[in-house]
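Taking it in order: structure first as structure tokens, then the write-up.
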Amino acid sequence: MMIVDSQVHVWAAETPDRPWPKQGGDLPKPHWPEPLTPERLLAEMDAAGVTRAVMVSPSFEGTRNDIVCEAARRHPSRLSVVARFDPTLPEAREFMPHCRELPGVRGVRITFHRQSLRALLMGDGIDWLWAQAEALDLPLMVLAQHSDVPRFGEIAVRHPRLRLTLDHLGLTEGRDKEAFHGFANVLALAKHPNICAKASCLPLFTADTYPFRRIHAYLRQAYDAFGAQRLFWGSDLSRLPCSYRQCVTLFTEELDWLRGSDLDNVMGRGLCDWLAWRI
């Protein structure tokens with residue numbers, strides 16, 4: 001079975017020639033004290049049995065895609081990119097029409113759960129973004145608080161050819177019931193055929209230990225709502241409270257209702273189809 005990770009952050013060390021934004025506001029701190037380099041990622045993938053991975057630059061590096069694009073250029077059969085994007089920058093409208101010229105880029109990611117971008121999502125100031133991505137047939141991966149995700153349903157109706165993927169099942173903070181308190185809003189998005197969901201980073205949002213049985217029921221609800229072709233496994237490796245291999249086997253061995261072609265789709269085939277990453 002081909003296993004494709006829908007999200008892994010890859011970054012380089014901060015240097016005087018490549019400084020990170022000054023920490024402050026709602027920017028997170030680095031996930032690990034040492035970088036998760038492309039070389040380390042490939043070694044981790046081999047050890048965990050992961051075939052391919054979609055890389056995203058972490059927000060603590062700023063709006064840059066140099067490290068991930070160079071890695072995808074060198075390893076095109078194993079690594080691809082969903083490009084980091086800030087719609088508030090002056091040059092924002094010029095980015096998406098040209099981003100596919102960057103090595104390995106198959107989509108764009110925007111994190112609206114941070115206060116600095118939340119108002120943009122809930123207002124009308126970036127209607128141009130949804131229209132532009134739809135016209136370019138450029139998939140978007142997005143993250144927002146559960147209370148805000150109905151907004152993506154409204155956008156999906158107005159732009160029926162726009163492809164949206166909700167990161168982390170919309171989880172942003174808390175554990176167990178606290179983390180999933182607005183999960184009904186996520187499940188309601190499944191009625192829109194142009195919205196998918198990433199079942200990524202889930203072990204971070206439970207106080208349980210492997211095999212994380214407290215989140216199994218939520219996973220089944222997501223599977224029943226979105227179906228196997230619109231639900232994508234992912235790790236968000238640098239934020240995991242468990243091993244990479246355990247994040248894989250949570251799906252491949254511990255969910256007795258996920259088998260056969262449905263398991264193949266959730267573990268990678270569906271994502272590759274959605275991003276047109278040819279197998």
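Within each chain, counting starts at residue 1; across the structure tokens, chains are named A, B, ... in the order shown, with ligands numbered 1 upward in that order.
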
If we count only C-alpha atoms and set the cut-off at 8 Å, which residues sit around Leu36 in chain A, ignoring sequence neighbours fewer than 4 positions away in its own chain? Please answer as a PyMOL selection string.
chain A and resi 9-12+32+40-41+238

Keeping only C-alpha atoms, write the selected residues to a file as a tab-separated table (two decimals), in the first residue's frame.
```
chain	number	residue	atom	x	y	z
A	9	HIS	CA	6.65	20.72	8.17
A	10	VAL	CA	10.23	20.96	6.91
A	11	TRP	CA	12.59	23.78	7.78
A	12	ALA	CA	16.21	24.90	8.06
A	32	TRP	CA	11.74	20.99	17.62
A	40	ARG	CA	15.84	13.74	8.07
A	41	LEU	CA	12.27	13.61	6.77
A	238	SER	CA	7.09	17.62	14.16
```

Expected answer as a ChimeraX atom specification: helix (DSSP H, G or I) residues in range 2-198 of chain A
/A:38-48,59-61,66-74,92-99,115-122,127-136,150-158,167-170,183-191

At a cut-off of 9 Å, using only C-alpha atoms, what residues contact Arg161 in chain A? Leave out same-chain residues fewer than 3 positions from it and give the result as a PyMOL selection string.
chain A and resi 134-135+137+156+194

Same residues, N, CA and C atoms, output as a PDB file, in the first residue's frame:
```pdb
ATOM      1  N   GLU A 134      -9.963  29.268  -7.806  1.00  0.00           N
ATOM      2  CA  GLU A 134     -10.904  28.493  -8.618  1.00  0.00           C
ATOM      3  C   GLU A 134     -10.542  28.580 -10.097  1.00  0.00           C
ATOM      4  N   ALA A 135     -10.255  29.776 -10.585  1.00  0.00           N
ATOM      5  CA  ALA A 135      -9.915  29.957 -11.993  1.00  0.00           C
ATOM      6  C   ALA A 135      -8.633  29.222 -12.368  1.00  0.00           C
ATOM      7  N   ASP A 137      -7.592  26.508 -10.889  1.00  0.00           N
ATOM      8  CA  ASP A 137      -7.716  25.112 -10.474  1.00  0.00           C
ATOM      9  C   ASP A 137      -6.584  24.747  -9.512  1.00  0.00           C
ATOM     10  N   ALA A 156     -17.534  27.486  -0.653  1.00  0.00           N
ATOM     11  CA  ALA A 156     -17.625  26.347  -1.571  1.00  0.00           C
ATOM     12  C   ALA A 156     -18.852  26.452  -2.467  1.00  0.00           C
ATOM     13  N   ASN A 194     -16.770  19.730  -3.091  1.00  0.00           N
ATOM     14  CA  ASN A 194     -15.465  20.351  -3.343  1.00  0.00           C
ATOM     15  C   ASN A 194     -14.698  20.640  -2.058  1.00  0.00           C
TER      16      ASN A 194
END
```

Report, in Å to a single decimal, how far apart CA of Leu171 in chain A and CA of Arg118 in chain A are.
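Atom-to-atom, CA of Arg118 in chain A and CA of Leu171 in chain A are spaced 14.9 Å apart.
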
Can you work out which one of A:Thr206, A:Gly49, A:Gln7, A:Pro90 has the shortest atom-to-atom distance to Arg245 in chain A, counting only C-alpha atoms?
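The closest residue to Arg245 in chain A is A:Gly49.
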
For Arg18 in chain A, please output as a list in words all residues within 12 Å (counting only C-alpha atoms; exclusion window: fewer than 6 positions along the same chain).
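Those residues are Trp11, Ala12, Glu61, Gly62, Thr63, Arg64, Asp66 and Ile67 of chain A.
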
Go ahead and save the residues from that selection, with N, CA and C atoms, as a compact mmCIF listing (two decimals), in the first residue's frame.
```txt
# COMPACT_ATOMS: atom_id res chain seq x y z
N TRP A 11 11.99 22.47 7.66
CA TRP A 11 12.59 23.78 7.78
C TRP A 11 14.10 23.67 7.96
N ALA A 12 14.77 24.80 7.88
CA ALA A 12 16.21 24.90 8.06
C ALA A 12 16.49 25.74 9.30
N GLU A 61 8.91 30.12 10.21
CA GLU A 61 9.93 30.51 9.24
C GLU A 61 9.51 31.72 8.41
N GLY A 62 8.26 32.10 8.51
CA GLY A 62 7.77 33.19 7.67
C GLY A 62 7.18 32.67 6.38
N THR A 63 6.88 33.59 5.48
CA THR A 63 6.28 33.22 4.19
C THR A 63 7.39 32.94 3.19
N ARG A 64 7.89 31.71 3.24
CA ARG A 64 8.95 31.31 2.31
C ARG A 64 8.76 29.84 2.00
N ASP A 66 11.44 28.16 0.02
CA ASP A 66 12.68 27.78 -0.64
C ASP A 66 13.15 26.38 -0.27
N ILE A 67 13.12 26.03 1.02
CA ILE A 67 13.63 24.74 1.47
C ILE A 67 12.77 23.59 0.92
```

Which residues are near Val108 in chain A? Cut-off 8 Å, only C-alpha atoms, ignore same chain within fewer than 6 positions. Put them as a list of chain:residue names.
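Surrounding residues, per the criterion: A:Val82, A:Ala83, A:Arg84, A:Phe85, A:Met96, A:Leu138, A:Pro139, A:Leu140, A:Met141.
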
Would you export the selected residues with C-alpha atoms as an mmCIF file, in the first residue's frame, please?
```
data_model
loop_
_atom_site.group_PDB
_atom_site.id
_atom_site.type_symbol
_atom_site.label_atom_id
_atom_site.label_comp_id
_atom_site.auth_asym_id
_atom_site.auth_seq_id
_atom_site.Cartn_x
_atom_site.Cartn_y
_atom_site.Cartn_z
ATOM 1 C CA VAL A 82 1.694 22.967 -0.610
ATOM 2 C CA ALA A 83 3.109 26.465 -0.658
ATOM 3 C CA ARG A 84 2.956 28.833 2.299
ATOM 4 C CA PHE A 85 0.979 31.949 1.419
ATOM 5 C CA MET A 96 -0.825 32.177 -7.048
ATOM 6 C CA LEU A 138 -5.293 25.474 -7.571
ATOM 7 C CA PRO A 139 -6.183 23.415 -4.452
ATOM 8 C CA LEU A 140 -6.201 25.279 -1.147
ATOM 9 C CA MET A 141 -5.461 23.751 2.250
#
```

Return as a compact mmCIF listing (two decimals) with N, CA and C atoms, in the first residue's frame the full set of residues in range 54-268 of chain A whose backbone-based DSSP assignment is strand (DSSP E or B).
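The file below, states-v1.txt, is the result:
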```
# COMPACT_ATOMS: atom_id res chain seq x y z
N VAL A 54 3.64 15.41 1.58
CA VAL A 54 3.39 16.78 1.16
C VAL A 54 4.01 17.71 2.21
N MET A 55 4.94 18.52 1.80
CA MET A 55 5.66 19.40 2.71
C MET A 55 5.02 20.78 2.76
N VAL A 56 5.08 21.39 3.94
CA VAL A 56 4.61 22.77 4.15
C VAL A 56 5.67 23.47 5.00
N LEU A 79 8.43 13.69 -2.68
CA LEU A 79 8.09 14.90 -1.95
C LEU A 79 7.40 15.90 -2.87
N SER A 80 6.35 16.51 -2.37
CA SER A 80 5.72 17.63 -3.07
C SER A 80 5.43 18.74 -2.06
N VAL A 81 4.85 19.84 -2.54
CA VAL A 81 4.74 21.06 -1.73
C VAL A 81 3.33 21.63 -1.81
N VAL A 82 2.80 22.02 -0.66
CA VAL A 82 1.69 22.97 -0.61
C VAL A 82 2.30 24.26 -0.08
N ALA A 83 2.31 25.27 -0.92
CA ALA A 83 3.11 26.47 -0.66
C ALA A 83 2.51 27.33 0.44
N ARG A 84 3.35 27.87 1.28
CA ARG A 84 2.96 28.83 2.30
C ARG A 84 2.58 30.15 1.62
N VAL A 105 5.18 22.30 -6.37
CA VAL A 105 4.00 22.94 -5.76
C VAL A 105 2.72 22.38 -6.38
N ARG A 106 1.82 21.89 -5.50
CA ARG A 106 0.54 21.33 -5.94
C ARG A 106 -0.65 22.01 -5.28
N GLY A 107 -0.40 23.05 -4.53
CA GLY A 107 -1.47 23.77 -3.88
C GLY A 107 -0.90 24.85 -2.97
N VAL A 108 -1.79 25.51 -2.24
CA VAL A 108 -1.42 26.62 -1.37
C VAL A 108 -2.08 26.41 -0.02
N ARG A 109 -1.39 26.78 1.06
CA ARG A 109 -1.94 26.64 2.41
C ARG A 109 -2.06 28.00 3.08
N ILE A 110 -3.22 28.21 3.76
CA ILE A 110 -3.47 29.44 4.51
C ILE A 110 -4.08 29.05 5.85
N THR A 111 -3.53 29.60 6.95
CA THR A 111 -4.00 29.25 8.29
C THR A 111 -4.81 30.40 8.86
N LEU A 140 -6.56 24.54 -2.35
CA LEU A 140 -6.20 25.28 -1.15
C LEU A 140 -6.35 24.38 0.06
N MET A 141 -5.36 24.40 0.95
CA MET A 141 -5.46 23.75 2.25
C MET A 141 -5.59 24.85 3.29
N VAL A 142 -6.62 24.74 4.13
CA VAL A 142 -6.98 25.83 5.03
C VAL A 142 -7.21 25.30 6.44
N LEU A 143 -7.02 26.18 7.41
CA LEU A 143 -7.28 25.82 8.80
C LEU A 143 -8.02 26.98 9.46
N LEU A 164 -11.12 22.82 -1.78
CA LEU A 164 -10.72 23.18 -0.42
C LEU A 164 -10.48 21.93 0.40
N THR A 165 -9.42 21.94 1.19
CA THR A 165 -9.15 20.87 2.15
C THR A 165 -8.97 21.48 3.52
N LEU A 166 -9.76 21.02 4.48
CA LEU A 166 -9.67 21.51 5.86
C LEU A 166 -8.60 20.72 6.61
N ILE A 195 -15.13 20.04 -0.94
CA ILE A 195 -14.40 20.16 0.32
C ILE A 195 -13.97 18.79 0.80
N CYS A 196 -12.69 18.66 1.14
CA CYS A 196 -12.13 17.45 1.74
C CYS A 196 -11.63 17.78 3.15
N ALA A 197 -11.18 16.77 3.87
CA ALA A 197 -10.67 16.99 5.22
C ALA A 197 -9.41 16.16 5.44
N LYS A 198 -8.45 16.76 6.12
CA LYS A 198 -7.23 16.06 6.50
C LYS A 198 -7.35 15.54 7.93
N ALA A 199 -7.25 14.24 8.09
CA ALA A 199 -7.21 13.63 9.43
C ALA A 199 -5.76 13.62 9.87
N SER A 200 -5.24 14.80 10.13
CA SER A 200 -3.81 14.97 10.41
C SER A 200 -3.60 15.53 11.80
N LEU A 231 -11.10 12.01 2.63
CA LEU A 231 -10.52 12.05 3.97
C LEU A 231 -9.07 11.59 3.87
N PHE A 232 -8.13 12.47 4.22
CA PHE A 232 -6.71 12.23 3.96
C PHE A 232 -5.93 12.07 5.26
N TRP A 233 -5.24 10.94 5.41
CA TRP A 233 -4.37 10.75 6.56
C TRP A 233 -3.18 11.71 6.48
N GLY A 234 -2.72 12.15 7.66
CA GLY A 234 -1.52 12.96 7.73
C GLY A 234 -0.95 12.95 9.13
```

re CA of Gly125 in chain A and CA of Ala190 in chain A: distance 25.3 Å

Between CA of Asp264 in chain A and CA of Tyr210 in chain A, distance in Å (one decimal):
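Atom-to-atom, CA of Asp264 in chain A and CA of Tyr210 in chain A are spaced 21.9 Å apart.
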
Please list as a ChimeraX atom specification every residue within 7 Å of Gly270 in chain A, counting only C-alpha atoms and excluding residues in the same chain fewer than 2 positions away.
/A:229-230,232,265-266,268,272-274

Find the residues near Lys177 in chain A: any atom within 10 Å, counting only C-alpha atoms, skip ones fewer than 2 places away on the same chain, and give them as a list of chain:residue names.
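Near neighbours after the sequence-gap exclusion: A:Gly174, A:Arg175, A:Ala179, A:Phe180, A:His181, A:Gly182, A:Phe183, A:Phe205, A:Thr206, A:Arg214, A:Ile215.
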
Selected residues written out with N, CA and C atoms, as a PDB file, in the first residue's frame:
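After the write, selection-v3.pdb holds the following:
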```pdb
ATOM      1  N   GLY A 174      -6.755  22.418  22.621  1.00  0.00           N
ATOM      2  CA  GLY A 174      -7.473  21.569  23.564  1.00  0.00           C
ATOM      3  C   GLY A 174      -7.222  20.089  23.343  1.00  0.00           C
ATOM      4  N   ARG A 175      -7.865  19.280  24.191  1.00  0.00           N
ATOM      5  CA  ARG A 175      -7.739  17.823  24.116  1.00  0.00           C
ATOM      6  C   ARG A 175      -9.127  17.194  24.213  1.00  0.00           C
ATOM      7  N   ALA A 179     -11.322  19.741  22.479  1.00  0.00           N
ATOM      8  CA  ALA A 179     -10.820  19.953  21.125  1.00  0.00           C
ATOM      9  C   ALA A 179     -11.911  19.751  20.077  1.00  0.00           C
ATOM     10  N   PHE A 180     -12.804  18.792  20.311  1.00  0.00           N
ATOM     11  CA  PHE A 180     -13.816  18.427  19.326  1.00  0.00           C
ATOM     12  C   PHE A 180     -15.173  19.087  19.596  1.00  0.00           C
ATOM     13  N   HIS A 181     -15.203  20.134  20.398  1.00  0.00           N
ATOM     14  CA  HIS A 181     -16.492  20.674  20.848  1.00  0.00           C
ATOM     15  C   HIS A 181     -17.349  21.190  19.700  1.00  0.00           C
ATOM     16  N   GLY A 182     -16.745  21.665  18.622  1.00  0.00           N
ATOM     17  CA  GLY A 182     -17.504  22.159  17.473  1.00  0.00           C
ATOM     18  C   GLY A 182     -17.408  21.268  16.260  1.00  0.00           C
ATOM     19  N   PHE A 183     -17.188  19.973  16.479  1.00  0.00           N
ATOM     20  CA  PHE A 183     -16.913  19.057  15.379  1.00  0.00           C
ATOM     21  C   PHE A 183     -18.092  18.924  14.421  1.00  0.00           C
ATOM     22  N   PHE A 205      -4.244  16.090  19.825  1.00  0.00           N
ATOM     23  CA  PHE A 205      -5.472  16.633  20.389  1.00  0.00           C
ATOM     24  C   PHE A 205      -6.210  15.647  21.289  1.00  0.00           C
ATOM     25  N   THR A 206      -5.478  14.724  21.903  1.00  0.00           N
ATOM     26  CA  THR A 206      -6.040  13.824  22.901  1.00  0.00           C
ATOM     27  C   THR A 206      -5.035  13.627  24.028  1.00  0.00           C
ATOM     28  N   ARG A 214      -9.784   7.255  22.348  1.00  0.00           N
ATOM     29  CA  ARG A 214     -10.738   8.345  22.573  1.00  0.00           C
ATOM     30  C   ARG A 214     -11.098   9.104  21.290  1.00  0.00           C
ATOM     31  N   ILE A 215     -10.225   9.044  20.283  1.00  0.00           N
ATOM     32  CA  ILE A 215     -10.532   9.769  19.051  1.00  0.00           C
ATOM     33  C   ILE A 215     -11.076   8.866  17.952  1.00  0.00           C
TER      34      ILE A 215
END
```

With distances taken over only C-alpha atoms, which of A:Leu117, A:Phe212, A:Leu189, A:Pro76 is nearest to Leu89 in chain A?
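When distances to Leu89 in chain A are compared using only C-alpha atoms, the smallest one comes from A:Leu117.
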
When you count only C-alpha atoms, which of these residues is closest to Leu162 in chain A: A:Leu129, A:Ala48, A:Ala184, A:Ile3?
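Looking only at the distances to Leu162 in chain A, the closest residue turns out to be A:Leu129.
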
A:Leu120, A:Met1, A:Pro21, A:Arg158 ranked by distance to Arg269 in chain A, top pick (using only C-alpha atoms):
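Comparing A:Leu120, A:Met1, A:Pro21, A:Arg158 against Arg269 in chain A, the winner is A:Met1.
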
Let me make sure I understand: among A:Ser57, A:Asp46, A:His146, A:Asp17, which one has the smallest atom-to-atom distance to Cys69 in chain A if we use only C-alpha atoms?
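Checking each candidate against Cys69 in chain A, we get A:Ser57 as the closest.
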